[in-house]
file model32.tsv (TSV, C-alpha atoms)
chain	number	residue	atom	x	y	z
A	1	MET	CA	-19.82	14.30	-22.62
A	2	SER	CA	-19.67	14.40	-18.83
A	3	ALA	CA	-18.01	17.31	-17.07
A	4	GLU	CA	-14.43	16.82	-15.92
A	5	LEU	CA	-14.25	16.02	-12.23
A	6	THR	CA	-12.04	17.71	-9.65
A	7	PHE	CA	-10.88	16.57	-6.24
A	8	LYS	CA	-13.89	18.34	-4.73
A	9	ASP	CA	-16.17	15.82	-6.44
A	10	PHE	CA	-14.63	13.14	-4.21
A	11	GLU	CA	-15.09	15.12	-0.99
A	12	THR	CA	-18.03	14.54	1.35
A	13	SER	CA	-19.90	16.73	3.80
A	14	GLN	CA	-18.47	14.75	6.71
A	15	GLU	CA	-16.14	16.59	9.06
A	16	VAL	CA	-12.69	15.08	8.65
A	17	ARG	CA	-11.68	14.05	12.14
A	18	TRP	CA	-8.07	13.09	12.66
A	19	CYS	CA	-5.62	14.62	15.09
A	20	PRO	CA	-4.27	18.01	13.91
A	21	GLY	CA	-1.10	17.38	11.96
A	22	CYS	CA	-1.91	13.73	11.23
A	23	GLY	CA	-0.45	12.42	7.96
A	24	ASP	CA	-3.84	10.96	7.03
A	25	TYR	CA	-5.03	14.38	5.89
A	26	ALA	CA	-2.32	14.57	3.23
A	27	ILE	CA	-3.01	11.04	2.00
A	28	LEU	CA	-6.74	11.76	1.75
A	29	LYS	CA	-6.14	14.84	-0.43
A	30	SER	CA	-3.69	12.98	-2.66
A	31	VAL	CA	-6.18	10.17	-3.22
A	32	GLN	CA	-8.96	12.61	-4.04
A	33	ARG	CA	-6.78	14.51	-6.50
A	34	THR	CA	-5.53	11.32	-8.11
A	35	LEU	CA	-9.00	9.88	-8.67
A	36	ALA	CA	-10.11	13.10	-10.34
A	37	GLU	CA	-7.03	13.20	-12.57
A	38	VAL	CA	-7.36	9.59	-13.76
A	39	GLY	CA	-11.04	10.07	-14.56
A	40	ALA	CA	-12.40	7.74	-11.88
A	41	LYS	CA	-16.15	7.77	-11.33
A	42	PRO	CA	-17.53	7.99	-7.78
A	43	GLU	CA	-20.32	5.56	-8.66
A	44	SER	CA	-17.78	2.94	-9.74
A	45	THR	CA	-15.35	3.43	-6.84
A	46	VAL	CA	-15.46	1.71	-3.46
A	47	PHE	CA	-13.36	2.18	-0.33
A	48	ILE	CA	-13.34	-0.63	2.21
A	49	SER	CA	-11.60	-0.35	5.57
A	50	GLY	CA	-11.11	-2.28	8.77
A	51	ILE	CA	-10.52	-0.70	12.18
A	52	GLY	CA	-8.05	2.05	13.02
A	53	CYS	CA	-7.44	5.72	12.42
A	54	SER	CA	-6.96	5.16	8.68
A	55	SER	CA	-10.22	3.23	8.54
A	56	ARG	CA	-12.26	6.43	8.78
A	57	PHE	CA	-11.33	6.90	5.12
A	58	PRO	CA	-14.62	5.71	3.52
A	59	TYR	CA	-16.57	8.45	5.33
A	60	TYR	CA	-14.47	11.12	3.68
A	61	MET	CA	-14.66	9.84	0.09
A	62	ASN	CA	-17.61	10.62	-2.15
A	63	ALA	CA	-17.83	7.04	-3.39
A	64	TYR	CA	-19.26	3.79	-2.13
A	65	GLY	CA	-17.73	2.61	1.11
A	66	PHE	CA	-17.87	-0.04	3.80
A	67	HIS	CA	-16.31	0.29	7.25
A	68	THR	CA	-15.87	-3.38	8.16
A	69	ILE	CA	-14.47	-5.20	11.20
A	70	HIS	CA	-10.91	-5.46	12.46
A	71	GLY	CA	-8.57	-7.01	9.91
A	72	ARG	CA	-11.30	-8.29	7.60
A	73	ALA	CA	-11.33	-5.56	4.95
A	74	PRO	CA	-9.38	-7.67	2.38
A	75	ALA	CA	-11.88	-10.53	2.71
A	76	VAL	CA	-14.89	-8.26	2.26
A	77	ALA	CA	-13.20	-6.48	-0.64
A	78	THR	CA	-12.43	-9.80	-2.33
A	79	GLY	CA	-16.09	-10.77	-2.20
A	80	LEU	CA	-17.12	-7.44	-3.66
A	81	LYS	CA	-14.56	-7.61	-6.48
A	82	LEU	CA	-15.75	-11.09	-7.43
A	83	ALA	CA	-19.39	-10.01	-7.36
A	84	ASN	CA	-18.76	-6.91	-9.48
A	85	PRO	CA	-15.33	-6.91	-11.14
A	86	GLY	CA	-16.08	-3.62	-12.87
A	87	LEU	CA	-15.70	-1.67	-9.64
A	88	ASP	CA	-12.46	0.02	-8.55
A	89	VAL	CA	-12.09	-1.42	-5.06
A	90	TRP	CA	-9.65	0.20	-2.62
A	91	VAL	CA	-8.68	-1.27	0.75
A	92	VAL	CA	-7.53	1.18	3.40
A	93	THR	CA	-5.80	-0.38	6.39
A	94	GLY	CA	-3.03	0.19	8.92
A	95	ASP	CA	0.02	-1.68	10.15
A	96	GLY	CA	-1.99	-3.14	13.04
A	97	ASP	CA	-5.25	-3.81	11.22
A	98	GLY	CA	-3.60	-5.20	8.09
A	99	LEU	CA	-0.57	-7.04	9.46
A	100	SER	CA	-1.69	-8.27	12.88
A	101	ILE	CA	-5.29	-9.43	13.21
A	102	GLY	CA	-5.71	-9.08	9.44
A	103	GLY	CA	-2.39	-10.61	8.43
A	104	ASN	CA	-3.89	-13.89	7.26
A	105	HIS	CA	-6.49	-12.15	5.09
A	106	MET	CA	-3.83	-9.86	3.66
A	107	LEU	CA	-1.56	-12.79	2.84
A	108	HIS	CA	-4.22	-14.64	0.82
A	109	THR	CA	-5.32	-11.46	-0.97
A	110	LEU	CA	-1.74	-10.89	-2.12
A	111	ARG	CA	-1.09	-14.46	-3.22
A	112	ARG	CA	-4.38	-14.63	-5.13
A	113	ASN	CA	-3.70	-11.33	-6.89
A	114	VAL	CA	-7.25	-10.04	-6.40
A	115	GLY	CA	-7.85	-6.78	-8.27
A	116	LEU	CA	-7.69	-4.57	-5.18
A	117	LYS	CA	-5.76	-1.40	-4.44
A	118	VAL	CA	-4.37	-1.78	-0.92
A	119	LEU	CA	-3.20	1.33	0.93
A	120	LEU	CA	-1.45	0.33	4.15
A	121	PHE	CA	-0.84	3.29	6.47
A	122	ASN	CA	2.24	2.44	8.51
A	123	ASN	CA	3.00	4.58	11.56
A	124	GLU	CA	4.55	1.74	13.58
A	125	ILE	CA	2.00	2.12	16.38
A	126	TYR	CA	-1.66	1.51	17.28
A	127	GLY	CA	-2.96	5.08	17.16
A	128	LEU	CA	-6.72	4.63	17.57
A	129	THR	CA	-6.40	2.62	20.79
A	130	LYS	CA	-3.92	5.02	22.38
A	131	GLY	CA	-0.45	4.04	21.34
A	132	GLN	CA	0.15	0.34	21.91
A	133	TYR	CA	3.02	-1.20	19.96
A	134	SER	CA	2.21	-2.81	16.61
A	135	PRO	CA	3.76	-5.55	14.42
A	136	THR	CA	5.98	-2.95	12.76
A	137	SER	CA	7.14	-1.20	15.96
A	138	ARG	CA	10.89	-1.14	16.44
A	139	PRO	CA	12.73	-2.88	19.27
A	140	GLY	CA	12.74	-0.68	22.34
A	141	THR	CA	9.43	1.01	21.53
A	142	ARG	CA	7.86	2.12	24.81
A	143	SER	CA	4.08	1.96	24.87
A	144	PRO	CA	1.23	1.09	27.27
A	145	THR	CA	1.68	-2.57	26.31
A	146	THR	CA	5.50	-2.45	26.30
A	147	PRO	CA	6.42	-0.09	29.16
A	148	LEU	CA	9.97	-1.47	29.29
A	149	GLY	CA	10.39	-1.36	25.52
A	150	SER	CA	9.34	-3.82	22.82
A	151	THR	CA	11.44	-6.96	22.43
A	152	ASP	CA	9.62	-8.13	19.30
A	153	THR	CA	11.26	-8.40	15.90
A	154	PRO	CA	9.38	-5.91	13.69
A	155	LEU	CA	7.67	-6.98	10.51
A	156	SER	CA	8.62	-5.35	7.21
A	157	ALA	CA	5.40	-4.65	5.33
A	158	GLY	CA	7.15	-4.72	1.96
A	159	LEU	CA	8.99	-7.98	2.58
A	160	PHE	CA	5.79	-9.52	3.91
A	161	ALA	CA	3.99	-8.57	0.71
A	162	LEU	CA	6.81	-9.90	-1.45
A	163	GLY	CA	6.91	-13.17	0.47
A	164	ALA	CA	3.16	-13.56	0.05
A	165	GLY	CA	3.55	-13.29	-3.71
A	166	ALA	CA	2.54	-9.69	-4.35
A	167	ARG	CA	3.04	-8.64	-7.96
A	168	PHE	CA	2.90	-4.89	-7.24
A	169	ILE	CA	4.66	-3.29	-4.27
A	170	ALA	CA	5.26	0.41	-3.79
A	171	ARG	CA	6.19	2.83	-1.02
A	172	ALA	CA	5.56	6.52	-0.48
A	173	VAL	CA	5.64	9.20	2.23
A	174	ASP	CA	2.33	10.66	3.40
A	175	THR	CA	3.10	14.35	2.84
A	176	ASP	CA	5.15	14.01	-0.36
A	177	LYS	CA	2.30	14.56	-2.81
A	178	THR	CA	4.69	15.13	-5.73
A	179	ARG	CA	5.83	11.50	-5.55
A	180	LEU	CA	2.82	9.92	-3.86
A	181	GLU	CA	0.32	10.82	-6.55
A	182	PRO	CA	2.23	9.18	-9.45
A	183	VAL	CA	2.36	6.02	-7.32
A	184	LEU	CA	-1.40	6.21	-6.77
A	185	LYS	CA	-1.95	6.57	-10.51
A	186	ALA	CA	0.13	3.44	-11.11
A	187	VAL	CA	-1.94	1.68	-8.45
A	188	HIS	CA	-5.18	2.67	-10.15
A	189	ALA	CA	-3.97	1.36	-13.51
A	190	TYR	CA	-2.77	-2.01	-12.20
A	191	ASN	CA	-4.91	-5.11	-12.80
A	192	GLY	CA	-4.27	-7.20	-9.70
A	193	THR	CA	-3.41	-6.57	-6.07
A	194	ALA	CA	-1.50	-3.30	-5.83
A	195	PHE	CA	0.08	-3.05	-2.36
A	196	VAL	CA	1.34	0.34	-1.19
A	197	GLU	CA	3.06	1.01	2.12
A	198	LEU	CA	2.50	4.63	3.13
A	199	PHE	CA	4.88	5.98	5.77
A	200	GLN	CA	2.40	7.97	7.84
A	201	ASN	CA	3.37	10.14	10.79
A	202	CYS	CA	1.38	9.71	14.01
A	203	ILE	CA	1.99	13.08	15.61
A	204	VAL	CA	0.59	12.02	19.00
A	205	TYR	CA	1.97	8.56	19.73
A	206	ASN	CA	4.94	8.07	17.40
A	207	ASP	CA	5.96	11.48	16.12
A	208	GLN	CA	8.89	11.60	13.70
A	209	ILE	CA	9.50	7.86	13.78
A	210	PHE	CA	10.47	8.14	10.11
A	211	GLY	CA	12.52	11.28	10.61
A	212	SER	CA	15.73	9.56	9.49
A	213	PHE	CA	14.50	9.84	5.91
A	214	THR	CA	11.54	12.27	5.99
A	215	ASP	CA	13.11	15.19	7.84
A	216	LYS	CA	13.81	17.98	5.35
A	217	THR	CA	17.50	17.95	6.22
A	218	LYS	CA	17.78	14.21	5.52
A	219	THR	CA	15.66	13.52	2.44
A	220	VAL	CA	18.52	13.94	-0.05
A	221	ASP	CA	20.67	11.24	1.52
A	222	GLY	CA	17.83	9.32	3.16
A	223	GLN	CA	15.56	8.64	0.19
A	224	LEU	CA	16.09	6.61	-2.97
A	225	HIS	CA	13.38	7.21	-5.57
A	226	VAL	CA	13.32	4.24	-7.90
A	227	GLN	CA	12.25	4.32	-11.53
A	228	HIS	CA	12.23	1.36	-13.88
A	229	GLY	CA	15.34	1.35	-16.07
A	230	ALA	CA	16.98	4.25	-14.23
A	231	PRO	CA	20.16	3.98	-12.14
A	232	LEU	CA	19.70	3.52	-8.40
A	233	VAL	CA	21.29	6.79	-7.30
A	234	PHE	CA	20.60	9.30	-4.56
A	235	GLY	CA	22.38	12.03	-2.64
A	236	GLU	CA	23.22	15.55	-3.78
A	237	GLY	CA	23.24	15.53	-7.56
A	238	GLY	CA	23.11	11.73	-7.63
A	239	SER	CA	26.49	11.49	-5.94
A	240	LYS	CA	25.75	8.11	-4.35
A	241	GLY	CA	24.51	4.86	-5.78
A	242	LEU	CA	23.94	1.18	-5.12
A	243	ARG	CA	26.06	-1.65	-6.42
A	244	PHE	CA	25.73	-5.39	-5.91
A	245	VAL	CA	28.53	-7.17	-4.08
A	246	GLN	CA	28.45	-10.72	-5.39
A	247	GLN	CA	30.74	-12.19	-2.75
A	248	ARG	CA	28.38	-11.15	0.03
A	249	MET	CA	25.20	-11.24	-2.08
A	250	GLN	CA	24.13	-7.82	-0.87
A	251	LEU	CA	23.92	-4.17	-1.83
A	252	GLU	CA	26.53	-1.55	-1.02
A	253	VAL	CA	26.50	2.24	-1.14
A	254	VAL	CA	29.28	3.73	-3.28
A	255	ASP	CA	30.09	7.12	-4.78
A	256	THR	CA	28.99	7.39	-8.38
A	257	GLU	CA	32.05	9.32	-9.52
A	258	ASN	CA	34.41	6.39	-8.96
A	259	HIS	CA	31.96	3.53	-9.52
A	260	ALA	CA	29.75	4.75	-12.36
A	261	ASP	CA	29.96	1.43	-14.24
A	262	GLU	CA	28.91	-0.58	-11.21
A	263	ILE	CA	25.69	1.26	-10.32
A	264	LEU	CA	22.63	-0.96	-10.59
A	265	GLN	CA	19.65	-0.03	-12.72
A	266	HIS	CA	16.19	-0.52	-11.32
A	267	ASP	CA	14.28	-3.48	-12.71
A	268	GLU	CA	10.81	-3.52	-11.17
A	269	THR	CA	10.13	-6.98	-12.62
A	270	SER	CA	12.90	-8.60	-10.54
A	271	PRO	CA	11.75	-10.09	-7.21
A	272	VAL	CA	15.40	-10.54	-6.19
A	273	LEU	CA	16.16	-6.84	-6.55
A	274	ALA	CA	12.87	-6.01	-4.84
A	275	GLN	CA	13.90	-8.09	-1.83
A	276	LEU	CA	17.24	-6.29	-1.60
A	277	LEU	CA	15.65	-2.85	-1.88
A	278	LEU	CA	12.86	-3.61	0.59
A	279	GLY	CA	15.37	-4.96	3.08
A	280	MET	CA	17.53	-1.83	3.19
A	281	GLN	CA	17.60	-0.11	6.58
A	282	THR	CA	18.36	3.50	7.37
A	283	PRO	CA	20.73	5.16	8.15
A	284	GLU	CA	23.17	2.72	6.52
A	285	PHE	CA	21.05	2.73	3.37
A	286	PRO	CA	18.46	5.12	1.98
A	287	MET	CA	14.77	4.23	2.10
A	288	ALA	CA	13.62	2.91	-1.28
A	289	LEU	CA	10.46	4.71	-2.45
A	290	GLY	CA	8.26	4.48	-5.53
A	291	VAL	CA	7.16	1.38	-7.47
A	292	ILE	CA	9.64	-1.19	-6.25
A	293	HIS	CA	8.12	-4.30	-7.79
A	294	ARG	CA	5.61	-4.67	-10.63
A	295	ARG	CA	4.96	-7.57	-12.96
A	296	SER	CA	1.90	-8.44	-14.97
A	297	GLU	CA	-0.19	-11.52	-14.23
A	298	GLN	CA	-3.85	-12.36	-14.69
A	299	SER	CA	-5.94	-11.20	-11.77
A	300	PHE	CA	-7.85	-13.59	-9.54
A	301	GLU	CA	-11.27	-12.41	-10.71
A	302	ASP	CA	-10.29	-12.73	-14.38
A	303	LYS	CA	-9.19	-16.32	-13.82
A	304	PHE	CA	-12.31	-17.01	-11.77
A	305	TYR	CA	-14.71	-15.94	-14.49
A	306	ALA	CA	-12.67	-17.54	-17.25
A	307	ASN	CA	-12.60	-20.95	-15.56
A	308	HIS	CA	-15.69	-21.11	-13.36
A	309	PRO	CA	-17.52	-24.40	-14.04
A	310	THR	CA	-20.99	-22.85	-13.83
A	311	GLY	CA	-20.27	-20.53	-16.72
A	312	LEU	CA	-20.91	-17.38	-14.74
A	313	THR	CA	-20.18	-14.19	-16.61
A	314	ARG	CA	-18.67	-11.00	-15.28
A	315	THR	CA	-22.15	-9.48	-15.35
A	316	ALA	CA	-23.78	-12.24	-13.30
A	317	ARG	CA	-26.39	-11.14	-10.77
A	318	VAL	CA	-27.19	-12.72	-7.42
A	319	GLN	CA	-30.55	-13.83	-8.83
A	320	ASP	CA	-28.77	-15.58	-11.71
A	321	VAL	CA	-26.72	-17.59	-9.24
A	322	ILE	CA	-29.79	-18.52	-7.18
A	323	ASN	CA	-31.65	-19.68	-10.28
A	324	SER	CA	-28.74	-21.66	-11.69
A	325	ARG	CA	-28.60	-25.46	-11.63
A	326	ASN	CA	-26.08	-25.51	-8.80
A	327	THR	CA	-28.60	-24.81	-6.04
A	328	TRP	CA	-29.77	-26.74	-3.03
A	329	ARG	CA	-32.74	-26.76	-0.67
A	330	VAL	CA	-32.38	-26.28	3.08
A	331	GLU	CA	-35.25	-27.95	4.97
call {"tool": "encode", "arguments": {"input": "model32.tsv", "output": "structure tokens"}}
result
Amino acid sequence: MSAELTFKDFETSQEVRWCPGCGDYAILKSVQRTLAEVGAKPESTVFISGIGCSSRFPYYMNAYGFHTIHGRAPAVATGLKLANPGLDVWVVTGDGDGLSIGGNHMLHTLRRNVGLKVLLFNNEIYGLTKGQYSPTSRPGTRSPTTPLGSTDTPLSAGLFALGAGARFIARAVDTDKTRLEPVLKAVHAYNGTAFVELFQNCIVYNDQIFGSFTDKTKTVDGQLHVQHGAPLVFGEGGSKGLRFVQQRMQLEVVDTENHADEILQHDETSPVLAQLLLGMQTPEFPMALGVIHRRSEQSFEDKFYANHPTGLTRTARVQDVINSRNTWRVE
């Protein structure tokens, strides 16, 4: 019987180089701890990244890794998962890398339901290239590329994923390991594309952009931690909750004491409820965190091997493909 692993077994000798105070450090440690706790094996784990601060991740994980090109990590990861479905393949990307130049690749990964675990670090800015505005930057964001303030409509990572057909969508805060690590465990267990938006603080170029719900004085009223089958309540002692207003087809915050019978229960299988929760904006509403949407469906690679006309098996080698009947000669 092999010895039980610890988070140190997933560390490397590489010097971790992010800005002091960057939220990436906390995410890295949570991932390392989670992999050890779920019994993951370094030799069966792969981290694939694109370009950006978060994309240094593969260097710091004692596993296989591939630092690819800007926005193309989902495409490379899809190829790897098809070639060797037995691997646990993680994609590490950012709001710029994954939703701008890589938006098209991300969209098709989500709709296909490839068995990848996608960690999208969202800090609403381009950090690696010195603070330009990104697809998720808010209106008015001043940056080297928007000196007068951004006039773009920001993209919601969660709503994008839902619209692309994602079957698993979650959210977590970088430094909240108590709630982040259970989400990561759910990600690891999911057979399909697990998409997680991580609210990550860029201390240099966009410090405290998520302060409305991550500041210690605002977490109680600013965060809603969802759990399947549990009431959607938040605030001190669960004093506030969400109800559905049918006339306006939207959610409303009410006090639980006077509206106990109207409080919604979380149903992570409902795409309609997921859309409402993902669309909530602070400070009018709390930020929904946790596994917001999860439903089971056969993964892309399972369908591929079950229906492939050449009869390839999940253990097929490159040489087997070359020697199969479906080959051609290039003169």
call {"tool": "closest_residue", "arguments": {"input": "model32.tsv", "among": "A:Val91, A:Val220, A:Ile169, A:Ile209", "to": "A:Leu277", "atoms": "only C-alpha atoms"}}
result
A:Ile169
call {"tool": "residues_near_point", "arguments": {"input": "model32.tsv", "point": "(13.4, -4.3, 17.1)", "cutoff": "12 Å", "atoms": "all atoms listed in the file", "output": "PyMOL selection string"}}
result
chain A and resi 124+133-142+149-156
call {"tool": "residues_around", "arguments": {"input": "model32.tsv", "residues": "A:Val38", "least_positions_apart": "2", "cutoff": "12 Å", "atoms": "all atoms listed in the file", "output": "list in words"}}
result
Glu4, Leu5, Thr6, Phe7, Val31, Gln32, Arg33, Thr34, Leu35, Ala36, Ala40, Lys41, Pro42, Glu181, Pro182, Leu184, Lys185, Ala186, Val187, His188 and Ala189 of chain A
call {"tool": "axis_aligned_box", "arguments": {"input": "model32.tsv", "around": "stretch 71-89 of chain A", "padding_each_side": "8 Å", "output": "AutoDock Vina command-line options"}}
result
--center_x -14.0 --center_y -5.5 --center_z -1.5 --size_x 26.8 --size_y 27.1 --size_z 38.8
call {"tool": "atom_distance", "arguments": {"input": "model32.tsv", "atom1": "atom CA of A:Leu82", "atom2": "atom CA of A:Val46"}}
result
13.4 Å
call {"tool": "residues_around", "arguments": {"input": "model32.tsv", "residues": "A:Ser143", "least_positions_apart": "2", "cutoff": "7 Å", "atoms": "all atoms listed in the file", "output": "PyMOL selection string"}}
result
chain A and resi 131-133+141+145-147
call {"tool": "decode", "arguments": {"input": "model32.tsv", "residues": "stretch 149-218 of chain A", "atoms": "C-alpha atoms", "output": "short mmCIF file (atom, residue, chain, number, x, y, z; two decimals), in the first residue's frame"}}
result
data_model
loop_
_atom_site.label_atom_id
_atom_site.label_comp_id
_atom_site.auth_asym_id
_atom_site.auth_seq_id
_atom_site.Cartn_x
_atom_site.Cartn_y
_atom_site.Cartn_z
CA GLY A 149 -12.26 54.82 -17.89
CA SER A 150 -13.63 51.71 -19.59
CA THR A 151 -16.90 52.07 -21.48
CA ASP A 152 -17.23 48.35 -22.19
CA THR A 153 -20.00 46.18 -20.78
CA PRO A 154 -18.22 43.61 -18.58
CA LEU A 155 -18.62 39.91 -19.15
CA SER A 156 -19.92 37.69 -16.35
CA ALA A 157 -17.77 34.55 -16.30
CA GLY A 158 -20.53 32.50 -14.69
CA LEU A 159 -23.26 33.59 -17.10
CA PHE A 160 -20.90 33.01 -20.01
CA ALA A 161 -20.29 29.46 -18.82
CA LEU A 162 -24.00 28.83 -18.32
CA GLY A 163 -24.83 30.20 -21.75
CA ALA A 164 -22.20 27.96 -23.31
CA GLY A 165 -23.86 24.92 -21.77
CA ALA A 166 -21.65 24.25 -18.77
CA ARG A 167 -22.98 21.49 -16.54
CA PHE A 168 -20.86 22.43 -13.51
CA ILE A 169 -20.35 26.04 -12.39
CA ALA A 170 -18.91 27.13 -9.07
CA ARG A 171 -17.45 30.24 -7.46
CA ALA A 172 -15.02 30.79 -4.61
CA VAL A 173 -12.79 33.45 -3.06
CA ASP A 174 -9.02 32.99 -3.33
CA THR A 175 -8.14 33.27 0.37
CA ASP A 176 -11.19 31.48 1.80
CA LYS A 177 -9.64 28.01 2.02
CA THR A 178 -12.42 26.71 4.28
CA ARG A 179 -14.93 27.05 1.45
CA LEU A 180 -12.61 26.87 -1.55
CA GLU A 181 -11.27 23.41 -0.82
CA PRO A 182 -14.69 21.67 -0.68
CA VAL A 183 -15.41 23.25 -4.07
CA LEU A 184 -12.12 21.89 -5.43
CA LYS A 185 -13.00 18.43 -4.15
CA ALA A 186 -16.33 18.60 -5.97
CA VAL A 187 -14.45 19.70 -9.09
CA HIS A 188 -12.09 16.75 -8.85
CA ALA A 189 -14.98 14.30 -8.53
CA TYR A 190 -16.98 15.66 -11.47
CA ASN A 191 -16.95 13.76 -14.79
CA GLY A 192 -17.20 16.54 -17.35
CA THR A 193 -16.16 20.18 -17.62
CA ALA A 194 -16.07 21.66 -14.12
CA PHE A 195 -15.85 25.46 -14.41
CA VAL A 196 -14.81 27.45 -11.34
CA GLU A 197 -14.56 31.23 -11.16
CA LEU A 198 -12.05 32.21 -8.49
CA PHE A 199 -12.27 35.80 -7.27
CA GLN A 200 -8.57 36.59 -7.05
CA ASN A 201 -7.17 39.83 -5.71
CA CYS A 202 -4.52 41.61 -7.80
CA ILE A 203 -2.82 43.64 -5.11
CA VAL A 204 -0.86 45.77 -7.60
CA TYR A 205 -3.27 46.72 -10.38
CA ASN A 206 -6.77 46.11 -9.02
CA ASP A 207 -6.51 45.86 -5.25
CA GLN A 208 -9.74 45.22 -3.34
CA ILE A 209 -11.91 45.19 -6.44
CA PHE A 210 -14.01 42.53 -4.71
CA GLY A 211 -13.98 44.29 -1.37
CA SER A 212 -17.77 44.72 -1.38
CA PHE A 213 -18.07 41.04 -0.46
CA THR A 214 -14.57 39.92 0.59
CA ASP A 215 -13.74 42.59 3.15
CA LYS A 216 -13.98 41.08 6.63
CA THR A 217 -16.58 43.64 7.65
CA LYS A 218 -18.81 42.78 4.68
#
